[in-house]
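*Asks:* My structure is in data_1.cif, and what it holds is mmCIF, C-alpha atoms and all ligand atoms:
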data_run
loop_
_atom_site.label_atom_id
_atom_site.label_comp_id
_atom_site.auth_asym_id
_atom_site.auth_seq_id
_atom_site.Cartn_x
_atom_site.Cartn_y
_atom_site.Cartn_z
CA MET G 1 105.37 133.65 79.21
CA GLY G 2 105.29 130.32 77.41
CA LYS G 3 106.29 126.85 78.51
CA GLN G 4 109.49 125.10 77.52
CA ILE G 5 109.20 121.65 75.99
CA TRP G 6 111.79 119.21 77.28
CA LYS G 7 112.81 115.77 76.10
CA PRO G 8 110.96 112.82 77.70
CA GLY G 9 111.92 112.31 81.34
CA ASN G 10 110.56 111.78 84.80
CA MET G 11 108.92 114.83 86.29
CA LEU G 12 106.06 113.23 88.17
CA TYR G 13 106.33 114.64 91.69
CA PRO G 14 105.80 114.52 94.63
CA LEU G 15 106.42 110.85 95.37
CA PRO G 16 106.75 108.92 98.59
CA ALA G 17 110.30 108.08 99.62
CA VAL G 18 109.89 104.64 101.13
CA MET G 19 112.37 102.23 102.61
CA VAL G 20 112.04 98.79 101.11
CA SER G 21 113.28 95.88 103.17
CA THR G 22 113.98 92.57 101.54
CA GLY G 23 115.84 89.33 102.10
CA ASP G 24 117.27 86.31 100.33
CA THR G 25 116.53 82.67 101.12
CA LYS G 26 119.74 82.29 103.18
CA GLY G 27 118.80 84.87 105.77
CA ASP G 28 120.66 87.95 104.45
CA THR G 29 118.47 91.07 104.53
CA ASN G 30 118.84 94.64 103.31
CA ILE G 31 117.14 98.04 103.04
CA LEU G 32 117.06 100.33 100.02
CA THR G 33 115.26 103.61 99.40
CA ILE G 34 112.69 103.66 96.62
CA ALA G 35 110.76 106.54 95.09
CA TRP G 36 109.54 104.71 91.98
CA THR G 37 106.66 103.05 93.79
CA GLY G 38 102.90 103.19 93.88
CA THR G 39 99.54 101.57 94.37
CA VAL G 40 98.12 99.87 91.29
CA CYS G 41 94.99 98.05 92.42
CA THR G 42 92.57 98.24 95.36
CA ASN G 43 91.17 94.71 95.20
CA PRO G 44 93.33 92.69 95.30
CA ALA G 45 95.58 95.20 97.04
CA MET G 46 98.60 95.59 94.76
CA ALA G 47 101.65 97.80 94.63
CA TYR G 48 104.88 98.04 92.67
CA ILE G 49 108.48 99.08 93.08
CA SER G 50 110.90 99.71 90.19
CA VAL G 51 114.49 98.72 90.85
CA ARG G 52 117.70 98.89 88.82
CA PRO G 53 119.26 95.42 88.38
CA GLU G 54 122.62 96.76 89.62
CA ARG G 55 121.25 97.32 93.14
CA TYR G 56 122.43 94.81 95.74
CA SER G 57 118.80 94.31 96.78
CA TYR G 58 117.80 93.27 93.27
CA GLY G 59 119.13 89.70 93.64
CA MET G 60 117.25 89.31 96.93
CA LEU G 61 114.02 90.54 95.40
CA ARG G 62 114.40 88.11 92.51
CA GLU G 63 115.37 85.21 94.75
CA SER G 64 112.73 85.48 97.48
CA GLY G 65 110.02 87.36 95.58
CA GLU G 66 109.32 89.25 98.81
CA PHE G 67 109.64 92.82 100.01
CA VAL G 68 108.16 95.18 102.55
CA ILE G 69 107.26 98.79 101.75
CA ASN G 70 107.98 100.78 104.92
CA LEU G 71 106.43 104.26 105.00
CA THR G 72 108.72 107.01 106.22
CA THR G 73 108.49 110.09 108.39
CA GLU G 74 110.48 113.26 109.05
CA LYS G 75 112.21 111.46 111.92
CA LEU G 76 113.44 108.79 109.50
CA ALA G 77 114.66 111.24 106.82
CA TRP G 78 118.35 110.69 107.55
CA ALA G 79 118.01 106.90 107.31
CA VAL G 80 115.96 107.24 104.13
CA ASP G 81 118.69 109.19 102.43
CA TYR G 82 121.44 106.95 103.81
CA CYS G 83 119.76 103.75 102.59
CA GLY G 84 119.49 105.38 99.17
CA VAL G 85 123.14 106.33 98.78
CA ARG G 86 124.95 103.40 100.40
CA SER G 87 124.89 99.78 99.27
CA GLY G 88 124.30 96.67 101.33
CA ARG G 89 127.16 95.19 99.32
CA ASP G 90 129.57 97.26 101.44
CA MET G 91 127.88 97.46 104.83
CA ASN G 92 125.09 96.39 107.12
CA LYS G 93 122.53 99.19 106.80
CA TRP G 94 120.57 97.94 109.83
CA LYS G 95 123.61 98.54 111.99
CA GLU G 96 124.59 101.84 110.38
CA THR G 97 121.11 103.37 110.67
CA GLY G 98 120.09 101.80 113.99
CA LEU G 99 116.85 100.54 112.42
CA HIS G 100 115.39 97.32 113.79
CA LYS G 101 114.04 94.27 112.00
CA ARG G 102 110.74 92.64 112.85
CA LYS G 103 109.46 89.33 111.53
CA ALA G 104 106.71 89.65 108.92
CA GLU G 105 103.38 87.86 109.34
CA MET G 106 102.88 86.55 105.81
CA LEU G 107 106.40 86.62 104.37
CA GLU G 108 109.23 84.21 105.03
CA PHE G 109 112.35 86.16 104.15
CA ALA G 110 111.72 89.93 104.05
CA PRO G 111 111.55 91.64 107.48
CA LEU G 112 109.68 94.82 108.46
CA ILE G 113 111.36 97.98 109.73
CA ARG G 114 110.09 98.48 113.28
CA GLU G 115 110.50 102.27 113.29
CA SER G 116 108.21 102.79 110.29
CA PRO G 117 104.59 103.82 111.08
CA VAL G 118 103.09 101.55 108.40
CA ASN G 119 104.52 98.46 106.69
CA LEU G 120 103.10 96.72 103.64
CA GLU G 121 104.10 93.09 103.24
CA CYS G 122 104.34 92.36 99.52
CA ARG G 123 104.74 89.18 97.50
CA VAL G 124 105.92 89.56 93.90
CA THR G 125 103.50 88.35 91.22
CA GLU G 126 105.35 89.56 88.13
CA VAL G 127 108.60 91.24 87.12
CA LYS G 128 108.48 93.55 84.12
CA GLU G 129 111.91 94.27 82.63
CA LEU G 130 111.12 97.77 81.43
CA GLY G 131 114.61 99.12 80.71
CA SER G 132 116.83 100.89 83.26
CA HIS G 133 114.42 99.64 85.95
CA HIS G 134 112.60 96.37 86.44
CA MET G 135 109.15 96.70 87.90
CA PHE G 136 108.22 94.29 90.67
CA LEU G 137 104.47 94.04 90.70
CA ALA G 138 103.26 92.59 93.97
CA GLU G 139 100.25 91.66 95.99
CA VAL G 140 99.98 93.26 99.44
CA LYS G 141 99.62 90.38 101.88
CA ALA G 142 99.40 92.28 105.18
CA VAL G 143 99.50 95.84 106.48
CA HIS G 144 100.96 96.79 109.87
CA ALA G 145 99.96 100.07 111.53
CA ASP G 146 101.85 101.41 114.54
CA GLU G 147 99.45 101.77 117.46
CA ALA G 148 101.12 105.07 118.33
CA TYR G 149 99.21 106.58 115.39
CA LEU G 150 95.78 105.18 116.23
CA ASP G 151 93.21 107.49 117.83
CA LYS G 152 90.95 106.39 120.69
CA ASN G 153 88.53 104.82 118.20
CA GLY G 154 91.30 102.80 116.57
CA ARG G 155 91.40 105.02 113.47
CA LEU G 156 94.80 105.51 111.88
CA GLU G 157 95.87 109.16 112.01
CA LEU G 158 98.56 108.74 109.41
CA ASN G 159 98.78 112.43 108.60
CA HIS G 160 99.95 113.13 112.15
CA ALA G 161 103.04 111.01 111.53
CA GLY G 162 104.95 113.70 109.58
CA LEU G 163 105.10 111.65 106.39
CA LEU G 164 108.11 112.16 104.16
CA VAL G 165 107.76 113.22 100.54
CA TYR G 166 110.39 113.20 97.78
CA SER G 167 110.03 115.91 95.16
CA HIS G 168 112.50 116.93 92.47
CA GLY G 169 115.61 115.92 94.39
CA GLU G 170 114.44 117.15 97.81
CA TYR G 171 112.83 115.65 100.89
CA LEU G 172 109.79 117.48 102.22
CA ALA G 173 107.42 116.91 105.11
CA ALA G 174 103.75 116.59 104.18
CA GLY G 175 101.92 118.87 106.58
CA LYS G 176 99.31 121.41 105.56
CA LYS G 177 95.78 120.03 105.35
CA LEU G 178 93.74 121.60 102.56
CA GLY G 179 90.65 119.44 102.60
CA THR G 180 89.36 115.91 102.92
CA PHE G 181 88.37 113.44 100.20
CA GLY G 182 85.23 114.74 98.44
CA TYR G 183 85.22 118.15 100.16
CA SER G 184 84.71 119.96 96.84
CA VAL G 185 81.19 118.57 96.47
CA LYS G 186 80.21 118.28 100.11
CA LYS G 187 77.14 120.28 101.30
CA LYS G 188 78.35 123.31 103.22
CA ALA G 189 77.25 124.01 106.79
CA PRO G 190 74.83 127.02 106.97
CA ASP G 191 77.35 129.46 108.54
CA GLN G 192 80.01 128.34 106.06
CA LYS G 193 77.50 129.02 103.26
CA LYS G 194 76.93 132.56 104.58
CA THR G 195 80.68 133.25 104.59
CA VAL G 196 81.00 132.05 100.99
CA GLN G 197 78.03 134.23 99.95
CA LYS G 198 79.51 137.26 101.72
CA LYS G 199 82.86 136.70 100.00
CA LYS G 200 81.17 136.38 96.60
CA ALA G 201 79.16 139.60 97.18
CA ALA G 202 82.31 141.48 98.22
CA ALA G 203 84.16 140.28 95.12
CA HIS G 204 81.23 141.32 92.91
CA LYS G 205 81.13 144.79 94.51
CA LYS G 206 84.87 145.19 93.95
CA ARG G 207 84.52 144.23 90.27
CA LEU G 208 81.73 146.82 89.79
CA GLU G 209 83.78 149.56 91.46
CA HIS G 210 86.78 148.70 89.31
CA LYS G 211 84.62 148.82 86.14
CA LYS G 212 83.15 152.18 87.17
CA ALA G 213 86.61 153.61 87.82
CA SER G 214 87.95 152.49 84.44
CA ASN G 215 84.86 153.88 82.65
CA GLN G 216 85.43 157.26 84.34
CA LYS G 217 89.09 157.22 83.24
CA ALA G 218 88.13 156.47 79.64
CA THR G 219 85.67 159.35 79.44
C1 LIG V 301 115.23 109.39 97.41
C2 LIG V 301 115.77 108.19 96.69
C3 LIG V 301 114.95 107.45 95.86
C4 LIG V 301 115.44 106.31 95.19
N1 LIG V 301 114.60 105.60 94.39
C5 LIG V 301 115.06 104.49 93.74
C6 LIG V 301 114.17 103.70 92.94
O1 LIG V 301 112.99 103.96 92.84
N2 LIG V 301 114.71 102.61 92.32
C7 LIG V 301 116.03 102.25 92.44
O2 LIG V 301 116.46 101.26 91.84
N3 LIG V 301 116.87 102.99 93.20
C8 LIG V 301 116.42 104.07 93.86
N4 LIG V 301 117.26 104.82 94.66
C9 LIG V 301 118.67 104.42 94.76
C10 LIG V 301 118.92 103.24 95.71
O3 LIG V 301 118.21 103.38 96.91
C11 LIG V 301 120.43 103.17 96.01
O4 LIG V 301 121.14 102.90 94.83
C12 LIG V 301 120.79 102.20 97.11
O5 LIG V 301 122.11 102.47 97.49
C13 LIG V 301 120.68 100.75 96.68
O6 LIG V 301 121.00 99.96 97.78
P1 LIG V 301 121.49 98.45 97.68
O7 LIG V 301 122.67 98.41 96.72
O8 LIG V 301 121.91 98.13 99.08
O9 LIG V 301 120.36 97.63 97.19
C14 LIG V 301 116.80 105.93 95.32
C15 LIG V 301 117.63 106.69 96.18
C16 LIG V 301 117.12 107.79 96.86
C17 LIG V 301 118.03 108.58 97.76
#
Please render this file's structure as structure tokens.
*Replies:*
Amino acid sequence: MGKQIWKPGNMLYPLPAVMVSTGDTKGDTNILTIAWTGTVCTNPAMAYISVRPERYSYGMLRESGEFVINLTTEKLAWAVDYCGVRSGRDMNKWKETGLHKRKAEMLEFAPLIRESPVNLECRVTEVKELGSHHMFLAEVKAVHADEAYLDKNGRLELNHAGLLVYSHGEYLAAGKKLGTFGYSVKKKAPDQKKTVQKKKAAAHKKRLEHKKASNQKAT
């Protein structure tokens, strides 16, 4: 079977579905759901969000140059969807979702969402008017981590939070651990090595038996 070739479009999945909180300089604040987001630099820590100018939040982002990326979990899935299909023009999404604001450390106008496990305070450095979406490139000014997800050594166990993923129109929960960073080149423990060797030997034996059987058939 071949592969179909489609016209250019967005098919880069999975993505995080984050809730972005922002505010204007008069004290009005809002939440919108964003999937067009990512990390772009480690040092300085930088991230981006891409937003359509017709969103109610767009004016706030432009005016204050501030936003908070709030990571989301399974528990927050309903609010994530709601904040992505309803506009702050017509309602107060804080009230409707029951989410709570918290004052940021480094920002003046954009609040954090208290219920989110991790919040990234961002200050806009540049706006790129790309087309349908304008990209807000920003420097991360502070990161908040909920103590509920810290282990006894103070290490963040983010993957125990039930992080939410957006993929091809659906929300999924990230769950199954397949390895850790660098595991493909890590030295194997001796008993693990033995298991791998045994598996390889069994596979080799199977291949030989299969070859023998097909040779017998052919003759
Ligand atoms: C899963 C999901 C992802 C979304 N991603 C984006 C995005 O990356 N950029 C954007 O402009 N809108 C995105 N939206 C749409 C906005 O969140 C939506 O239009 C929202 O109602 C805007 O709120 P506001 O008018 O209060 O600002 C997304 C919606 C959903 C449900």
*Asks:* Could you give me, as a PyMOL selection string, the residues within 7 Å of segment 66-72 of chain G, counting all atoms listed in the file and dropping anything in the same chain fewer than 3 positions from it?
*Replies:* chain G and resi 17-22+61+76+107+109-113+116-124+163-164
*Asks:* I need the residues from that last selection saved to file as an mmCIF file, in the frame of the given file (with C-alpha atoms), if you can.
*Replies:*
data_model
loop_
_atom_site.group_PDB
_atom_site.id
_atom_site.type_symbol
_atom_site.label_atom_id
_atom_site.label_comp_id
_atom_site.auth_asym_id
_atom_site.auth_seq_id
_atom_site.Cartn_x
_atom_site.Cartn_y
_atom_site.Cartn_z
ATOM 1 C CA ALA G 17 110.300 108.080 99.620
ATOM 2 C CA VAL G 18 109.890 104.640 101.130
ATOM 3 C CA MET G 19 112.370 102.230 102.610
ATOM 4 C CA VAL G 20 112.040 98.790 101.110
ATOM 5 C CA SER G 21 113.280 95.880 103.170
ATOM 6 C CA THR G 22 113.980 92.570 101.540
ATOM 7 C CA LEU G 61 114.020 90.540 95.400
ATOM 8 C CA LEU G 76 113.440 108.790 109.500
ATOM 9 C CA LEU G 107 106.400 86.620 104.370
ATOM 10 C CA PHE G 109 112.350 86.160 104.150
ATOM 11 C CA ALA G 110 111.720 89.930 104.050
ATOM 12 C CA PRO G 111 111.550 91.640 107.480
ATOM 13 C CA LEU G 112 109.680 94.820 108.460
ATOM 14 C CA ILE G 113 111.360 97.980 109.730
ATOM 15 C CA SER G 116 108.210 102.790 110.290
ATOM 16 C CA PRO G 117 104.590 103.820 111.080
ATOM 17 C CA VAL G 118 103.090 101.550 108.400
ATOM 18 C CA ASN G 119 104.520 98.460 106.690
ATOM 19 C CA LEU G 120 103.100 96.720 103.640
ATOM 20 C CA GLU G 121 104.100 93.090 103.240
ATOM 21 C CA CYS G 122 104.340 92.360 99.520
ATOM 22 C CA ARG G 123 104.740 89.180 97.500
ATOM 23 C CA VAL G 124 105.920 89.560 93.900
ATOM 24 C CA LEU G 163 105.100 111.650 106.390
ATOM 25 C CA LEU G 164 108.110 112.160 104.160
#
*Asks:* Give me, as a list in words, all polymer residues having an atom no more than 12 Å from segment 41-44 of chain G, counting all atoms listed in the file and skipping those fewer than 5 positions away in the same chain.
*Replies:*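 After dropping sequence-adjacent residues, the list is Cys122, Thr125, Leu137, Ala138, Glu139, Val140, Lys141 and Ala142 of chain G.
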*Asks:* Could you give me the residues within 6 Å of ligand LIG 301 (chain V), counting only C-alpha atoms and all ligand atoms, as a PyMOL selection string?
*Replies:* chain G and resi 17+32-36+50-52+55-57+81+83-88
*Asks:* Using all atoms listed in the file, which residue out of G:Ala77, G:Met60, G:Ile31, G:Ala201 lies closest to Ala173 of chain G?
*Replies:* G:Ala77
*Asks:* Could you list, as a list in words, every residue within 12 Å of segment 175-181 of chain G, counting only C-alpha atoms and ignoring same-chain residues fewer than 2 positions away?
*Replies:*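 These residues fall inside the cut-off: Thr73, Glu74, Leu158, Asn159, His160, Ala161, Gly162, Leu163, Leu164, Val165, Leu172, Ala173, Tyr183, Ser184, Val185 and Lys186 of chain G.
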*Asks:* Hey, which of G:Ala104, G:Ala79, G:Thr37, G:Leu208 ends up closest to Pro16 of chain G? Count all atoms listed in the file.
*Replies:*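 Among the listed residues, the smallest separation from Pro16 of chain G belongs to G:Thr37.
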*Asks:* Figure out the distance between atom CA of His168 of chain G and atom CA of Trp6 of chain G, please, to one decimal in Å.
*Replies:*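 Atom-to-atom, atom CA of Trp6 of chain G and atom CA of His168 of chain G are spaced 15.4 Å apart.
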*Asks:* Could you tell me how far atom CA of Gly9 of chain G lies from atom CA of Ile49 of chain G, in Å and to one decimal?
*Replies:*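 So the two atoms, atom CA of Gly9 of chain G and atom CA of Ile49 of chain G, lie 18.0 Å apart.
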*Asks:* What gap, in Å, lies between atom CA of Ala213 of chain G and atom CA of Thr195 of chain G?
*Replies:*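 So the answer is 27.0 Å.
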*Asks:* Hey, which of G:Asn215, G:Ser167, G:Asn30, G:Asn153 ends up closest to Leu99 of chain G? Count all atoms listed in the file.
*Replies:*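 Distance minimum relative to Leu99 of chain G lands on G:Asn30.
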*Asks:* Starting from the structure just given, write a file holding segment 80-126 of chain G with N, CA and C atoms, as a compact mmCIF listing (two decimals), in the first residue's frame.
*Replies:*
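Contents of out-v5.txt, as written:
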# COMPACT_ATOMS: atom_id res chain seq x y z
N VAL G 80 -10.58 22.77 29.56
CA VAL G 80 -9.73 23.02 28.38
C VAL G 80 -10.60 23.16 27.14
N ASP G 81 -11.51 22.21 26.99
CA ASP G 81 -12.36 22.27 25.80
C ASP G 81 -13.27 23.52 25.86
N TYR G 82 -13.84 23.75 27.02
CA TYR G 82 -14.77 24.88 27.18
C TYR G 82 -14.09 26.21 26.84
N CYS G 83 -12.87 26.39 27.36
CA CYS G 83 -12.15 27.66 27.11
C CYS G 83 -11.72 27.79 25.66
N GLY G 84 -11.84 26.68 24.90
CA GLY G 84 -11.47 26.70 23.50
C GLY G 84 -12.66 26.81 22.57
N VAL G 85 -13.85 26.81 23.12
CA VAL G 85 -15.04 26.91 22.24
C VAL G 85 -15.98 28.04 22.66
N ARG G 86 -15.65 28.71 23.73
CA ARG G 86 -16.45 29.86 24.20
C ARG G 86 -15.54 31.07 24.27
N SER G 87 -16.11 32.25 24.02
CA SER G 87 -15.29 33.46 24.02
C SER G 87 -15.52 34.32 25.26
N GLY G 88 -14.44 34.89 25.73
CA GLY G 88 -14.50 35.83 26.86
C GLY G 88 -15.26 37.10 26.51
N ARG G 89 -15.54 37.28 25.24
CA ARG G 89 -16.38 38.40 24.79
C ARG G 89 -17.80 38.26 25.36
N ASP G 90 -18.25 37.00 25.51
CA ASP G 90 -19.64 36.73 25.89
C ASP G 90 -19.81 36.28 27.32
N MET G 91 -18.75 35.97 28.01
CA MET G 91 -18.88 35.41 29.36
C MET G 91 -17.59 35.54 30.15
N ASN G 92 -17.72 35.24 31.44
CA ASN G 92 -16.54 35.20 32.30
C ASN G 92 -16.14 33.72 32.44
N LYS G 93 -15.07 33.34 31.77
CA LYS G 93 -14.70 31.91 31.76
C LYS G 93 -14.19 31.44 33.12
N TRP G 94 -13.69 32.35 33.94
CA TRP G 94 -13.27 31.96 35.30
C TRP G 94 -14.48 31.44 36.06
N LYS G 95 -15.56 32.20 35.95
CA LYS G 95 -16.79 31.83 36.67
C LYS G 95 -17.36 30.53 36.12
N GLU G 96 -17.45 30.46 34.80
CA GLU G 96 -18.10 29.31 34.15
C GLU G 96 -17.34 28.00 34.39
N THR G 97 -16.02 28.08 34.49
CA THR G 97 -15.23 26.84 34.67
C THR G 97 -14.91 26.56 36.14
N GLY G 98 -15.04 27.57 36.98
CA GLY G 98 -14.68 27.40 38.39
C GLY G 98 -13.18 27.46 38.63
N LEU G 99 -12.43 27.86 37.61
CA LEU G 99 -10.97 27.98 37.79
C LEU G 99 -10.67 29.24 38.57
N HIS G 100 -9.52 29.20 39.29
CA HIS G 100 -9.17 30.34 40.14
C HIS G 100 -7.91 31.04 39.65
N LYS G 101 -7.92 32.37 39.81
CA LYS G 101 -6.76 33.18 39.43
C LYS G 101 -5.76 33.21 40.57
N ARG G 102 -4.51 33.39 40.22
CA ARG G 102 -3.47 33.63 41.22
C ARG G 102 -2.50 34.66 40.64
N LYS G 103 -2.07 35.57 41.46
CA LYS G 103 -1.18 36.64 41.00
C LYS G 103 0.15 36.04 40.56
N ALA G 104 0.64 36.52 39.42
CA ALA G 104 1.95 36.07 38.92
C ALA G 104 3.06 36.76 39.72
N GLU G 105 4.25 36.17 39.65
CA GLU G 105 5.41 36.75 40.35
C GLU G 105 6.06 37.85 39.55
N MET G 106 6.22 37.62 38.25
CA MET G 106 7.01 38.52 37.41
C MET G 106 6.16 39.35 36.46
N LEU G 107 4.89 38.99 36.34
CA LEU G 107 4.01 39.71 35.40
C LEU G 107 3.07 40.62 36.16
N GLU G 108 2.62 41.67 35.45
CA GLU G 108 1.74 42.65 36.12
C GLU G 108 0.27 42.37 35.85
N PHE G 109 -0.03 41.90 34.64
CA PHE G 109 -1.44 41.85 34.24
C PHE G 109 -2.01 40.43 34.05
N ALA G 110 -1.18 39.49 33.60
CA ALA G 110 -1.70 38.14 33.34
C ALA G 110 -1.63 37.29 34.60
N PRO G 111 -2.76 36.69 35.01
CA PRO G 111 -2.74 35.83 36.21
C PRO G 111 -2.45 34.37 35.86
N LEU G 112 -2.12 33.58 36.87
CA LEU G 112 -1.94 32.13 36.68
C LEU G 112 -3.28 31.44 36.92
N ILE G 113 -3.40 30.21 36.45
CA ILE G 113 -4.56 29.38 36.82
C ILE G 113 -4.09 28.47 37.96
N ARG G 114 -4.74 28.60 39.10
CA ARG G 114 -4.31 27.87 40.30
C ARG G 114 -4.36 26.35 40.13
N GLU G 115 -5.36 25.86 39.43
CA GLU G 115 -5.58 24.42 39.31
C GLU G 115 -4.58 23.71 38.38
N SER G 116 -3.79 24.48 37.66
CA SER G 116 -2.83 23.87 36.72
C SER G 116 -1.58 23.40 37.48
N PRO G 117 -1.00 22.24 37.11
CA PRO G 117 0.16 21.74 37.87
C PRO G 117 1.42 22.57 37.65
N VAL G 118 1.55 23.16 36.45
CA VAL G 118 2.73 23.97 36.13
C VAL G 118 2.29 25.20 35.34
N ASN G 119 2.83 26.36 35.72
CA ASN G 119 2.50 27.60 35.02
C ASN G 119 3.78 28.26 34.56
N LEU G 120 3.79 28.73 33.33
CA LEU G 120 4.96 29.43 32.79
C LEU G 120 4.59 30.89 32.55
N GLU G 121 5.21 31.77 33.31
CA GLU G 121 4.95 33.20 33.13
C GLU G 121 5.76 33.68 31.93
N CYS G 122 5.09 34.28 30.96
CA CYS G 122 5.76 34.67 29.72
C CYS G 122 5.59 36.15 29.41
N ARG G 123 6.68 36.77 28.98
CA ARG G 123 6.60 38.16 28.52
C ARG G 123 6.96 38.20 27.03
N VAL G 124 6.09 38.81 26.23
CA VAL G 124 6.24 38.83 24.78
C VAL G 124 7.47 39.65 24.37
N THR G 125 8.26 39.07 23.45
CA THR G 125 9.44 39.80 22.94
C THR G 125 9.23 40.23 21.50
N GLU G 126 8.33 39.51 20.81
CA GLU G 126 8.14 39.77 19.38
C GLU G 126 6.82 39.17 18.92
